[in-house]
file my_file34.pdb (PDB, C-alpha atoms, pLDDT in the B column)
ATOM      1  CA  MET K1209     -29.490 -36.947  38.013  1.00 87.00           C
ATOM      2  CA  ILE K1210     -31.607 -34.158  36.588  1.00 93.00           C
ATOM      3  CA  PRO K1211     -32.935 -34.577  33.033  1.00 94.00           C
ATOM      4  CA  LEU K1212     -32.414 -31.611  30.721  1.00 95.00           C
ATOM      5  CA  ARG K1213     -33.806 -32.916  27.411  1.00 95.00           C
ATOM      6  CA  ASP K1214     -34.378 -36.110  25.455  1.00 95.00           C
ATOM      7  CA  SER K1215     -33.412 -37.106  21.938  1.00 93.00           C
ATOM      8  CA  THR K1216     -36.924 -38.095  20.793  1.00 90.00           C
ATOM      9  CA  ARG K1217     -38.746 -35.431  18.824  1.00 89.00           C
ATOM     10  CA  SER K1218     -42.542 -35.199  18.671  1.00 87.00           C
ATOM     11  CA  ARG K1219     -44.343 -35.171  15.348  1.00 89.00           C
ATOM     12  CA  SER K1220     -46.859 -32.576  16.568  1.00 90.00           C
ATOM     13  CA  PHE K1221     -47.064 -29.799  19.125  1.00 94.00           C
ATOM     14  CA  PRO K1222     -47.799 -31.284  22.598  1.00 95.00           C
ATOM     15  CA  VAL K1223     -50.983 -29.349  23.322  1.00 96.00           C
ATOM     16  CA  ILE K1224     -52.062 -31.462  26.300  1.00 97.00           C
ATOM     17  CA  THR K1225     -48.606 -31.559  27.882  1.00 97.00           C
ATOM     18  CA  VAL K1226     -48.232 -27.789  27.646  1.00 97.00           C
ATOM     19  CA  SER K1227     -51.785 -27.315  28.952  1.00 97.00           C
ATOM     20  CA  LEU K1228     -51.104 -29.584  31.940  1.00 98.00           C
ATOM     21  CA  ILE K1229     -47.954 -27.629  32.756  1.00 98.00           C
ATOM     22  CA  ALA K1230     -49.826 -24.330  32.538  1.00 97.00           C
ATOM     23  CA  ILE K1231     -52.705 -25.629  34.691  1.00 97.00           C
ATOM     24  CA  ASN K1232     -50.382 -27.004  37.371  1.00 97.00           C
ATOM     25  CA  LEU K1233     -48.334 -23.821  37.547  1.00 97.00           C
ATOM     26  CA  TYR K1234     -51.456 -21.660  37.699  1.00 97.00           C
ATOM     27  CA  ILE K1235     -53.044 -23.745  40.441  1.00 97.00           C
ATOM     28  CA  TYR K1236     -49.874 -23.599  42.502  1.00 97.00           C
ATOM     29  CA  TYR K1237     -49.764 -19.824  41.974  1.00 97.00           C
ATOM     30  CA  LEU K1238     -53.286 -19.694  43.451  1.00 95.00           C
ATOM     31  CA  GLN K1239     -52.096 -21.860  46.360  1.00 95.00           C
ATOM     32  CA  ASP K1240     -49.060 -19.683  46.952  1.00 95.00           C
ATOM     33  CA  THR K1241     -51.051 -16.453  46.945  1.00 94.00           C
ATOM     34  CA  SER K1242     -53.840 -17.768  49.188  1.00 94.00           C
ATOM     35  CA  THR K1243     -54.166 -16.898  52.848  1.00 93.00           C
ATOM     36  CA  GLN K1244     -53.388 -19.633  55.363  1.00 94.00           C
ATOM     37  CA  ALA K1245     -57.103 -20.116  55.990  1.00 94.00           C
ATOM     38  CA  GLU K1246     -57.891 -20.339  52.267  1.00 93.00           C
ATOM     39  CA  LEU K1247     -55.030 -22.759  51.679  1.00 94.00           C
ATOM     40  CA  GLY K1248     -56.165 -24.905  54.585  1.00 94.00           C
ATOM     41  CA  ARG K1249     -59.672 -25.162  53.127  1.00 93.00           C
ATOM     42  CA  LEU K1250     -58.252 -25.923  49.674  1.00 93.00           C
ATOM     43  CA  ILE K1251     -56.061 -28.756  50.962  1.00 94.00           C
ATOM     44  CA  ALA K1252     -58.839 -30.120  53.186  1.00 92.00           C
ATOM     45  CA  GLN K1253     -61.245 -30.273  50.252  1.00 93.00           C
ATOM     46  CA  TYR K1254     -59.067 -31.312  47.311  1.00 95.00           C
ATOM     47  CA  ALA K1255     -56.011 -33.175  48.689  1.00 95.00           C
ATOM     48  CA  LEU K1256     -56.170 -36.935  49.202  1.00 95.00           C
ATOM     49  CA  VAL K1257     -56.034 -37.968  52.868  1.00 94.00           C
ATOM     50  CA  PRO K1258     -55.299 -41.729  52.997  1.00 93.00           C
ATOM     51  CA  ALA K1259     -57.017 -42.338  56.347  1.00 92.00           C
ATOM     52  CA  ARG K1260     -60.167 -40.548  55.196  1.00 92.00           C
ATOM     53  CA  PHE K1261     -60.284 -42.390  51.881  1.00 91.00           C
ATOM     54  CA  ALA K1262     -59.535 -45.764  53.484  1.00 89.00           C
ATOM     55  CA  GLY K1263     -62.395 -45.167  55.932  1.00 88.00           C
ATOM     56  CA  GLN K1264     -64.765 -44.274  53.108  1.00 87.00           C
ATOM     57  CA  LEU K1265     -63.643 -47.320  51.141  1.00 86.00           C
ATOM     58  CA  GLN K1266     -64.439 -49.562  54.074  1.00 85.00           C
ATOM     59  CA  ALA K1267     -67.801 -47.939  54.762  1.00 84.00           C
ATOM     60  CA  ASN K1268     -69.020 -47.602  51.169  1.00 85.00           C
ATOM     61  CA  PRO K1269     -66.751 -49.010  48.428  1.00 83.00           C
ATOM     62  CA  LEU K1270     -69.044 -47.799  45.642  1.00 80.00           C
ATOM     63  CA  ALA K1271     -69.034 -44.205  46.878  1.00 77.00           C
ATOM     64  CA  ALA K1272     -65.249 -44.349  47.257  1.00 78.00           C
ATOM     65  CA  LEU K1273     -64.955 -44.821  43.490  1.00 77.00           C
ATOM     66  CA  PHE K1274     -66.215 -41.236  43.124  1.00 81.00           C
ATOM     67  CA  HIS K1275     -63.860 -39.789  45.747  1.00 86.00           C
ATOM     68  CA  TYR K1276     -62.803 -36.744  43.690  1.00 91.00           C
ATOM     69  CA  PRO K1277     -59.531 -36.014  45.627  1.00 93.00           C
ATOM     70  CA  LEU K1278     -58.153 -39.096  43.851  1.00 93.00           C
ATOM     71  CA  VAL K1279     -58.040 -36.792  40.812  1.00 95.00           C
ATOM     72  CA  THR K1280     -57.920 -33.253  42.208  1.00 96.00           C
ATOM     73  CA  SER K1281     -54.890 -33.999  44.392  1.00 96.00           C
ATOM     74  CA  ILE K1282     -52.899 -34.613  41.196  1.00 97.00           C
ATOM     75  CA  PHE K1283     -53.102 -30.875  40.433  1.00 97.00           C
ATOM     76  CA  LEU K1284     -51.949 -29.609  43.838  1.00 96.00           C
ATOM     77  CA  HIS K1285     -48.335 -29.239  44.986  1.00 95.00           C
ATOM     78  CA  GLY K1286     -46.470 -28.595  48.190  1.00 91.00           C
ATOM     79  CA  SER K1287     -43.918 -25.983  47.062  1.00 93.00           C
ATOM     80  CA  TRP K1288     -42.553 -24.166  44.036  1.00 94.00           C
ATOM     81  CA  PHE K1289     -39.653 -26.637  43.947  1.00 94.00           C
ATOM     82  CA  HIS K1290     -42.146 -29.525  43.956  1.00 94.00           C
ATOM     83  CA  VAL K1291     -44.226 -28.210  41.071  1.00 96.00           C
ATOM     84  CA  ILE K1292     -41.300 -26.975  38.934  1.00 96.00           C
ATOM     85  CA  PHE K1293     -39.368 -30.245  39.271  1.00 95.00           C
ATOM     86  CA  ASN K1294     -42.488 -32.220  38.367  1.00 96.00           C
ATOM     87  CA  MET K1295     -43.178 -29.993  35.377  1.00 97.00           C
ATOM     88  CA  LEU K1296     -39.588 -30.419  34.166  1.00 97.00           C
ATOM     89  CA  TYR K1297     -40.106 -34.189  33.987  1.00 97.00           C
ATOM     90  CA  LEU K1298     -43.503 -33.703  32.360  1.00 97.00           C
ATOM     91  CA  TRP K1299     -42.057 -31.374  29.724  1.00 96.00           C
ATOM     92  CA  ILE K1300     -39.207 -33.725  28.806  1.00 96.00           C
ATOM     93  CA  PHE K1301     -41.046 -37.056  28.733  1.00 97.00           C
ATOM     94  CA  ALA K1302     -44.770 -36.448  28.216  1.00 97.00           C
ATOM     95  CA  ASP K1303     -44.731 -34.883  24.752  1.00 96.00           C
ATOM     96  CA  ASN K1304     -43.579 -38.139  23.177  1.00 96.00           C
ATOM     97  CA  ILE K1305     -46.198 -40.200  25.009  1.00 97.00           C
ATOM     98  CA  GLU K1306     -48.898 -37.716  24.013  1.00 97.00           C
ATOM     99  CA  ASP K1307     -47.635 -37.954  20.440  1.00 95.00           C
ATOM    100  CA  ARG K1308     -47.772 -41.760  20.510  1.00 94.00           C
ATOM    101  CA  LEU K1309     -51.172 -42.107  22.222  1.00 95.00           C
ATOM    102  CA  GLY K1310     -52.985 -39.140  20.757  1.00 93.00           C
ATOM    103  CA  ARG K1311     -54.434 -36.301  22.780  1.00 93.00           C
ATOM    104  CA  PRO K1312     -57.746 -37.740  24.097  1.00 94.00           C
ATOM    105  CA  ILE K1313     -56.206 -41.078  25.103  1.00 95.00           C
ATOM    106  CA  PHE K1314     -53.209 -39.332  26.681  1.00 97.00           C
ATOM    107  CA  ILE K1315     -55.490 -37.320  28.990  1.00 97.00           C
ATOM    108  CA  LEU K1316     -57.159 -40.536  30.150  1.00 96.00           C
ATOM    109  CA  PHE K1317     -53.774 -42.267  30.503  1.00 97.00           C
ATOM    110  CA  TYR K1318     -52.396 -39.413  32.617  1.00 98.00           C
ATOM    111  CA  LEU K1319     -55.352 -39.366  34.991  1.00 97.00           C
ATOM    112  CA  LEU K1320     -55.472 -43.170  35.356  1.00 97.00           C
ATOM    113  CA  ALA K1321     -51.749 -43.305  36.137  1.00 97.00           C
ATOM    114  CA  GLY K1322     -52.202 -40.573  38.738  1.00 97.00           C
ATOM    115  CA  ILE K1323     -55.140 -42.396  40.338  1.00 96.00           C
ATOM    116  CA  ALA K1324     -53.154 -45.662  40.367  1.00 97.00           C
ATOM    117  CA  GLY K1325     -50.270 -43.894  42.094  1.00 96.00           C
ATOM    118  CA  ASN K1326     -52.608 -42.394  44.670  1.00 96.00           C
ATOM    119  CA  LEU K1327     -54.275 -45.747  45.364  1.00 94.00           C
ATOM    120  CA  THR K1328     -50.877 -47.409  45.808  1.00 95.00           C
ATOM    121  CA  HIS K1329     -49.916 -44.760  48.353  1.00 94.00           C
ATOM    122  CA  VAL K1330     -53.189 -45.284  50.245  1.00 92.00           C
ATOM    123  CA  LEU K1331     -52.737 -49.059  50.189  1.00 91.00           C
ATOM    124  CA  LEU K1332     -49.310 -48.763  51.825  1.00 91.00           C
ATOM    125  CA  ASN K1333     -50.304 -45.894  54.162  1.00 89.00           C
ATOM    126  CA  PRO K1334     -53.993 -46.515  55.003  1.00 89.00           C
ATOM    127  CA  GLY K1335     -53.866 -44.817  58.387  1.00 87.00           C
ATOM    128  CA  SER K1336     -51.961 -41.704  57.361  1.00 89.00           C
ATOM    129  CA  PRO K1337     -53.703 -38.391  58.139  1.00 91.00           C
ATOM    130  CA  ILE K1338     -51.203 -36.478  55.986  1.00 91.00           C
ATOM    131  CA  PRO K1339     -52.722 -34.980  52.808  1.00 93.00           C
ATOM    132  CA  LEU K1340     -51.247 -36.296  49.570  1.00 94.00           C
ATOM    133  CA  VAL K1341     -50.678 -33.762  46.790  1.00 95.00           C
ATOM    134  CA  GLY K1342     -48.697 -33.723  43.587  1.00 94.00           C
ATOM    135  CA  ALA K1343     -48.620 -34.861  39.982  1.00 95.00           C
ATOM    136  CA  SER K1344     -45.749 -37.276  40.681  1.00 94.00           C
ATOM    137  CA  GLY K1345     -47.851 -40.441  40.323  1.00 95.00           C
ATOM    138  CA  ALA K1346     -49.232 -39.328  36.956  1.00 97.00           C
ATOM    139  CA  ILE K1347     -45.786 -38.242  35.754  1.00 98.00           C
ATOM    140  CA  ALA K1348     -44.319 -41.531  36.960  1.00 98.00           C
ATOM    141  CA  GLY K1349     -46.891 -43.193  34.700  1.00 98.00           C
ATOM    142  CA  VAL K1350     -45.481 -41.189  31.802  1.00 98.00           C
ATOM    143  CA  LEU K1351     -41.989 -42.415  32.721  1.00 98.00           C
ATOM    144  CA  GLY K1352     -43.240 -46.009  32.790  1.00 98.00           C
ATOM    145  CA  ALA K1353     -44.741 -45.571  29.334  1.00 97.00           C
ATOM    146  CA  TYR K1354     -41.543 -43.947  28.071  1.00 97.00           C
ATOM    147  CA  ILE K1355     -39.237 -46.758  29.208  1.00 97.00           C
ATOM    148  CA  ILE K1356     -41.052 -49.343  27.110  1.00 95.00           C
ATOM    149  CA  THR K1357     -41.779 -47.067  24.152  1.00 95.00           C
ATOM    150  CA  PHE K1358     -38.464 -45.212  23.759  1.00 96.00           C
ATOM    151  CA  PRO K1359     -35.876 -47.293  25.676  1.00 95.00           C
ATOM    152  CA  ARG K1360     -33.062 -46.327  23.286  1.00 95.00           C
ATOM    153  CA  ALA K1361     -33.684 -42.589  23.477  1.00 96.00           C
ATOM    154  CA  ARG K1362     -30.890 -40.519  25.006  1.00 96.00           C
ATOM    155  CA  ILE K1363     -31.572 -38.384  28.067  1.00 97.00           C
ATOM    156  CA  THR K1364     -29.198 -35.447  28.455  1.00 96.00           C
ATOM    157  CA  SER K1365     -28.734 -35.280  32.211  1.00 95.00           C
ATOM    158  CA  LEU K1366     -27.070 -33.102  34.811  1.00 93.00           C
ATOM    159  CA  ILE K1367     -25.147 -35.449  37.104  1.00 92.00           C
ATOM    160  CA  PHE K1368     -23.845 -34.672  40.580  1.00 89.00           C
ATOM    161  CA  ILE K1369     -21.085 -36.851  42.054  1.00 83.00           C
ATOM    162  CA  LEU K1370     -20.009 -35.364  45.384  1.00 80.00           C
ATOM    163  CA  PHE K1371     -18.540 -31.978  44.335  1.00 83.00           C
ATOM    164  CA  PHE K1372     -18.238 -32.943  40.674  1.00 88.00           C
ATOM    165  CA  VAL K1373     -20.915 -31.844  38.199  1.00 91.00           C
ATOM    166  CA  THR K1374     -21.132 -33.022  34.604  1.00 93.00           C
ATOM    167  CA  ILE K1375     -23.590 -33.366  31.729  1.00 94.00           C
ATOM    168  CA  ARG K1376     -23.937 -36.727  29.998  1.00 93.00           C
ATOM    169  CA  ASP K1377     -26.270 -38.438  27.528  1.00 95.00           C
ATOM    170  CA  ILE K1378     -27.730 -41.536  29.175  1.00 95.00           C
ATOM    171  CA  PRO K1379     -29.899 -44.198  27.492  1.00 96.00           C
ATOM    172  CA  ALA K1380     -33.489 -43.759  28.652  1.00 97.00           C
ATOM    173  CA  ILE K1381     -33.732 -47.338  29.887  1.00 97.00           C
ATOM    174  CA  TYR K1382     -30.819 -46.815  32.303  1.00 96.00           C
ATOM    175  CA  PHE K1383     -31.939 -43.362  33.425  1.00 96.00           C
ATOM    176  CA  LEU K1384     -35.482 -44.526  34.177  1.00 97.00           C
ATOM    177  CA  LEU K1385     -34.482 -47.839  35.762  1.00 97.00           C
ATOM    178  CA  PHE K1386     -32.158 -45.916  38.073  1.00 96.00           C
ATOM    179  CA  TRP K1387     -34.992 -43.488  38.880  1.00 96.00           C
ATOM    180  CA  PHE K1388     -37.340 -46.381  39.652  1.00 97.00           C
ATOM    181  CA  LEU K1389     -34.744 -48.154  41.804  1.00 96.00           C
ATOM    182  CA  VAL K1390     -34.285 -44.988  43.880  1.00 95.00           C
ATOM    183  CA  GLN K1391     -38.057 -44.758  44.414  1.00 95.00           C
ATOM    184  CA  LEU K1392     -38.261 -48.446  45.352  1.00 95.00           C
ATOM    185  CA  VAL K1393     -35.396 -48.317  47.859  1.00 94.00           C
ATOM    186  CA  ASN K1394     -36.784 -45.176  49.485  1.00 92.00           C
ATOM    187  CA  GLY K1395     -40.319 -46.574  49.399  1.00 91.00           C
ATOM    188  CA  VAL K1396     -39.305 -49.738  51.247  1.00 90.00           C
ATOM    189  CA  ALA K1397     -37.287 -47.681  53.738  1.00 88.00           C
ATOM    190  CA  SER K1398     -40.308 -45.438  54.391  1.00 81.00           C
ATOM    191  CA  LEU K1399     -42.710 -48.261  55.264  1.00 81.00           C
ATOM    192  CA  GLY K1400     -44.151 -47.772  58.713  1.00 70.00           C
ATOM    193  CA  ILE K1401     -42.720 -44.258  59.034  1.00 68.00           C
ATOM    194  CA  MET K1402     -45.481 -41.730  59.609  1.00 63.00           C
ATOM    195  CA  GLY K1403     -44.938 -38.242  58.271  1.00 59.00           C
ATOM    196  CA  ASN K1404     -42.705 -38.982  55.266  1.00 65.00           C
ATOM    197  CA  SER K1405     -42.903 -35.938  53.016  1.00 67.00           C
ATOM    198  CA  VAL K1406     -42.289 -37.834  49.759  1.00 81.00           C
ATOM    199  CA  ALA K1407     -44.929 -40.252  48.467  1.00 89.00           C
ATOM    200  CA  TYR K1408     -42.519 -42.818  47.036  1.00 92.00           C
ATOM    201  CA  TRP K1409     -45.230 -45.457  46.689  1.00 94.00           C
ATOM    202  CA  ALA K1410     -47.327 -43.120  44.552  1.00 95.00           C
ATOM    203  CA  HIS K1411     -44.300 -42.871  42.237  1.00 97.00           C
ATOM    204  CA  ILE K1412     -43.878 -46.662  42.184  1.00 97.00           C
ATOM    205  CA  GLY K1413     -47.574 -47.334  41.596  1.00 97.00           C
ATOM    206  CA  GLY K1414     -47.812 -44.703  38.870  1.00 97.00           C
ATOM    207  CA  PHE K1415     -44.710 -46.022  37.092  1.00 98.00           C
ATOM    208  CA  LEU K1416     -45.970 -49.620  37.047  1.00 98.00           C
ATOM    209  CA  ALA K1417     -49.436 -48.473  35.979  1.00 97.00           C
ATOM    210  CA  GLY K1418     -47.865 -46.518  33.121  1.00 97.00           C
ATOM    211  CA  ILE K1419     -46.106 -49.653  31.883  1.00 97.00           C
ATOM    212  CA  VAL K1420     -49.293 -51.737  32.068  1.00 96.00           C
ATOM    213  CA  LEU K1421     -51.454 -49.070  30.434  1.00 96.00           C
ATOM    214  CA  MET K1422     -48.959 -48.459  27.640  1.00 96.00           C
ATOM    215  CA  LEU K1423     -48.678 -52.173  26.911  1.00 94.00           C
ATOM    216  CA  ALA K1424     -52.477 -52.392  26.778  1.00 92.00           C
ATOM    217  CA  LEU K1425     -52.764 -49.368  24.492  1.00 88.00           C
ATOM    218  CA  LYS K1426     -49.722 -49.974  22.303  1.00 76.00           C
ATOM    219  CA  LYS K1427     -51.472 -52.218  19.771  1.00 68.00           C
ATOM    220  CA  ARG K1428     -54.269 -49.693  19.366  1.00 66.00           C
ATOM    221  CA  VAL K1429     -51.962 -46.781  18.600  1.00 64.00           C
ATOM    222  CA  ASP K1430     -49.129 -48.452  16.641  1.00 61.00           C
TER
END
call {"tool": "encode", "arguments": {"input": "my_file34.pdb", "output": "structure tokens"}}
result
Amino acid sequence: MIPLRDSTRSRSFPVITVSLIAINLYIYYLQDTSTQAELGRLIAQYALVPARFAGQLQANPLAALFHYPLVTSIFLHGSWFHVIFNMLYLWIFADNIEDRLGRPIFILFYLLAGIAGNLTHVLLNPGSPIPLVGASGAIAGVLGAYIITFPRARITSLIFILFFVTIRDIPAIYFLLFWFLVQLVNGVASLGIMGNSVAYWAHIGGFLAGIVLMLALKKRVD
């Protein structure tokens, strides 16, 4: 299923959501137009390498708290498809969460969800030398917040069933539970497999963090 739009309308223009989309697209444009050597240096410096971070965590836990790839990796992507698909989800779901939390708190929420997703991936893949990039953990946090804040919203979705394609309105709670179930099944199946190109556990960790953070913040913003 591919989401096309949701039925919940924001009360204000989503400045942070639009800014995040613009920043992510611009950074990937810089990646895409870099030379191989430049891109290699960029990934080496700003992507999150689980084995490197796990080693730093073991050697100096305090210093590991300031391991900046935990944040910078959230703004890197592996392909145009990767970044555009992520930004589609961000565009559809994040404006309402930004509207509910307010702009400053939403920025903090987004980054914390992304960090939680990254840490979950490292926890399940501590020896992986493969760089982790992508906003998926942070966006998964937005989805987690959405499912408990707007469960009755309708998500207009493009649905593929074998060779049949249709568009249907699906309650947000069912759409997002299905999305989470897919991540969980694939995440469990990927355990112990080195070289998996999709960080399912970052999605799972970000989604659960989004639920917890939204529950913690809900009383302050309602």
call {"tool": "residues_around", "arguments": {"input": "my_file34.pdb", "residues": "Pro1222 in chain K", "least_positions_apart": "5", "cutoff": "8 Å", "atoms": "all atoms listed in the file", "output": "number ranges by chain"}}
result
K: 1303, 1306-1307
call {"tool": "axis_aligned_box", "arguments": {"input": "my_file34.pdb", "around": "range 1377-1391 of chain K", "padding_each_side": "4 Å", "output": "AutoDock Vina command-line options"}}
result
--center_x -32.2 --center_y -43.3 --center_z 36.0 --size_x 19.8 --size_y 17.7 --size_z 24.9
call {"tool": "closest_residue", "arguments": {"input": "my_file34.pdb", "among": "K:Ile1251, K:Ile1355, K:Ala1262, K:Leu1238", "to": "Thr1328 in chain K", "atoms": "only C-alpha atoms"}}
result
K:Ala1262
call {"tool": "atom_distance", "arguments": {"input": "my_file34.pdb", "atom1": "CA of Asn1268 in chain K", "atom2": "CA of Leu1256 in chain K"}}
result
16.8 Å
call {"tool": "residues_near_point", "arguments": {"input": "my_file34.pdb", "point": "(-44.9, -24.5, 46.2)", "cutoff": "9 Å", "atoms": "all atoms listed in the file", "output": "mmCIF file with C-alpha atoms, keeping the file's coordinate frame"}}
result
data_model
loop_
_atom_site.group_PDB
_atom_site.id
_atom_site.type_symbol
_atom_site.label_atom_id
_atom_site.label_comp_id
_atom_site.auth_asym_id
_atom_site.auth_seq_id
_atom_site.Cartn_x
_atom_site.Cartn_y
_atom_site.Cartn_z
ATOM 1 C CA TYR K 1236 -49.874 -23.599 42.502
ATOM 2 C CA TYR K 1237 -49.764 -19.824 41.974
ATOM 3 C CA GLN K 1239 -52.096 -21.860 46.360
ATOM 4 C CA ASP K 1240 -49.060 -19.683 46.952
ATOM 5 C CA HIS K 1285 -48.335 -29.239 44.986
ATOM 6 C CA GLY K 1286 -46.470 -28.595 48.190
ATOM 7 C CA SER K 1287 -43.918 -25.983 47.062
ATOM 8 C CA TRP K 1288 -42.553 -24.166 44.036
ATOM 9 C CA PHE K 1289 -39.653 -26.637 43.947
ATOM 10 C CA HIS K 1290 -42.146 -29.525 43.956
ATOM 11 C CA VAL K 1291 -44.226 -28.210 41.071
ATOM 12 C CA ILE K 1292 -41.300 -26.975 38.934
#
call {"tool": "atom_distance", "arguments": {"input": "my_file34.pdb", "atom1": "CA of Ala1353 in chain K", "atom2": "CA of Ala1380 in chain K"}}
result
11.4 Å
call {"tool": "closest_atom_pairs", "arguments": {"input": "my_file34.pdb", "of": "range 1294-1360 of chain K", "to": "range 1226-1232 of chain K", "cutoff": "12 Å", "atoms": "all atoms listed in the file", "output": "CSV"}}
result
residue,atom,partner,partner_atom,distance
K:Asn1294,CA,K:Ile1229,CA,9.1
K:Met1295,CA,K:Ile1229,CA,5.9
K:Leu1296,CA,K:Ile1229,CA,8.9
K:Tyr1297,CA,K:Ile1229,CA,10.3
K:Leu1298,CA,K:Ile1229,CA,7.5
K:Trp1299,CA,K:Val1226,CA,7.4
K:Ile1300,CA,K:Val1226,CA,10.9
K:Phe1301,CA,K:Val1226,CA,11.8
K:Ala1302,CA,K:Val1226,CA,9.3
K:Asp1303,CA,K:Val1226,CA,8.4
K:Glu1306,CA,K:Val1226,CA,10.6
K:Arg1311,CA,K:Ser1227,CA,11.2
K:Phe1314,CA,K:Leu1228,CA,11.3
K:Ile1315,CA,K:Leu1228,CA,9.4
K:Tyr1318,CA,K:Leu1228,CA,9.9
K:Leu1319,CA,K:Leu1228,CA,11.1
K:Val1341,CA,K:Asn1232,CA,11.6
K:Gly1342,CA,K:Asn1232,CA,9.3
K:Ala1343,CA,K:Asn1232,CA,8.5
K:Ser1344,CA,K:Asn1232,CA,11.7
K:Ala1346,CA,K:Leu1228,CA,11.1
K:Ile1347,CA,K:Leu1228,CA,10.9
call {"tool": "resolve_selection", "arguments": {"input": "my_file34.pdb", "expression": "the PyMOL selection byres ((chain K and resi 1360) around 12)", "output": "PyMOL selection string"}}
result
chain K and resi 1214-1216+1354-1359+1361-1363+1377-1384
call {"tool": "write_last_selection", "arguments": {"input": "my_file34.pdb", "atoms": "C-alpha atoms", "output": "PDB file, in the coordinates of the input"}}
result
ATOM      1  CA  ASP K1214     -34.378 -36.110  25.455  1.00 95.00           C
ATOM      2  CA  SER K1215     -33.412 -37.106  21.938  1.00 93.00           C
ATOM      3  CA  THR K1216     -36.924 -38.095  20.793  1.00 90.00           C
ATOM      4  CA  TYR K1354     -41.543 -43.947  28.071  1.00 97.00           C
ATOM      5  CA  ILE K1355     -39.237 -46.758  29.208  1.00 97.00           C
ATOM      6  CA  ILE K1356     -41.052 -49.343  27.110  1.00 95.00           C
ATOM      7  CA  THR K1357     -41.779 -47.067  24.152  1.00 95.00           C
ATOM      8  CA  PHE K1358     -38.464 -45.212  23.759  1.00 96.00           C
ATOM      9  CA  PRO K1359     -35.876 -47.293  25.676  1.00 95.00           C
ATOM     10  CA  ALA K1361     -33.684 -42.589  23.477  1.00 96.00           C
ATOM     11  CA  ARG K1362     -30.890 -40.519  25.006  1.00 96.00           C
ATOM     12  CA  ILE K1363     -31.572 -38.384  28.067  1.00 97.00           C
ATOM     13  CA  ASP K1377     -26.270 -38.438  27.528  1.00 95.00           C
ATOM     14  CA  ILE K1378     -27.730 -41.536  29.175  1.00 95.00           C
ATOM     15  CA  PRO K1379     -29.899 -44.198  27.492  1.00 96.00           C
ATOM     16  CA  ALA K1380     -33.489 -43.759  28.652  1.00 97.00           C
ATOM     17  CA  ILE K1381     -33.732 -47.338  29.887  1.00 97.00           C
ATOM     18  CA  TYR K1382     -30.819 -46.815  32.303  1.00 96.00           C
ATOM     19  CA  PHE K1383     -31.939 -43.362  33.425  1.00 96.00           C
ATOM     20  CA  LEU K1384     -35.482 -44.526  34.177  1.00 97.00           C
TER      21      LEU K1384
END
call {"tool": "closest_residue", "arguments": {"input": "my_file34.pdb", "among": "K:Ala1255, K:Ala1324, K:Ile1313, K:Val1350", "to": "Ser1281 in chain K", "atoms": "only C-alpha atoms"}}
result
K:Ala1255
call {"tool": "residues_near_point", "arguments": {"input": "my_file34.pdb", "point": "(-46.8, -45.5, 44.6)", "cutoff": "9 Å", "atoms": "only C-alpha atoms", "output": "ChimeraX atom specification"}}
result
/K:1324-1332,1345,1348,1391,1395,1407-1416
call {"tool": "residues_around", "arguments": {"input": "my_file34.pdb", "residues": "Thr1374 in chain K", "least_positions_apart": "6", "cutoff": "10 Å", "atoms": "all atoms listed in the file", "output": "MDAnalysis selection string"}}
result
chainID K and resid 1209 1365:1368
call {"tool": "atom_distance", "arguments": {"input": "my_file34.pdb", "atom1": "CA of Met1422 in chain K", "atom2": "CA of Ile1323 in chain K"}}
result
15.4 Å
call {"tool": "decode", "arguments": {"input": "my_file34.pdb", "residues": "range 1349-1361 of chain K", "atoms": "C-alpha atoms", "output": "PDB file, in the first residue's frame"}}
result
ATOM      1  CA  GLY K1349       8.216   7.845  14.958  1.00  0.00           C
ATOM      2  CA  VAL K1350       5.773  10.184  13.237  1.00  0.00           C
ATOM      3  CA  LEU K1351       3.680   7.164  12.217  1.00  0.00           C
ATOM      4  CA  GLY K1352       3.697   5.905  15.809  1.00  0.00           C
ATOM      5  CA  ALA K1353       2.497   9.294  17.020  1.00  0.00           C
ATOM      6  CA  TYR K1354      -0.166   9.401  14.307  1.00  0.00           C
ATOM      7  CA  ILE K1355      -1.686   6.013  15.158  1.00  0.00           C
ATOM      8  CA  ILE K1356      -2.500   7.065  18.709  1.00  0.00           C
ATOM      9  CA  THR K1357      -3.440  10.658  17.892  1.00  0.00           C
ATOM     10  CA  PHE K1358      -5.535  10.218  14.729  1.00  0.00           C
ATOM     11  CA  PRO K1359      -6.539   6.518  14.655  1.00  0.00           C
ATOM     12  CA  ARG K1360      -9.866   7.268  12.941  1.00  0.00           C
ATOM     13  CA  ALA K1361      -8.376   9.359  10.147  1.00  0.00           C
TER      14      ALA K1361
END
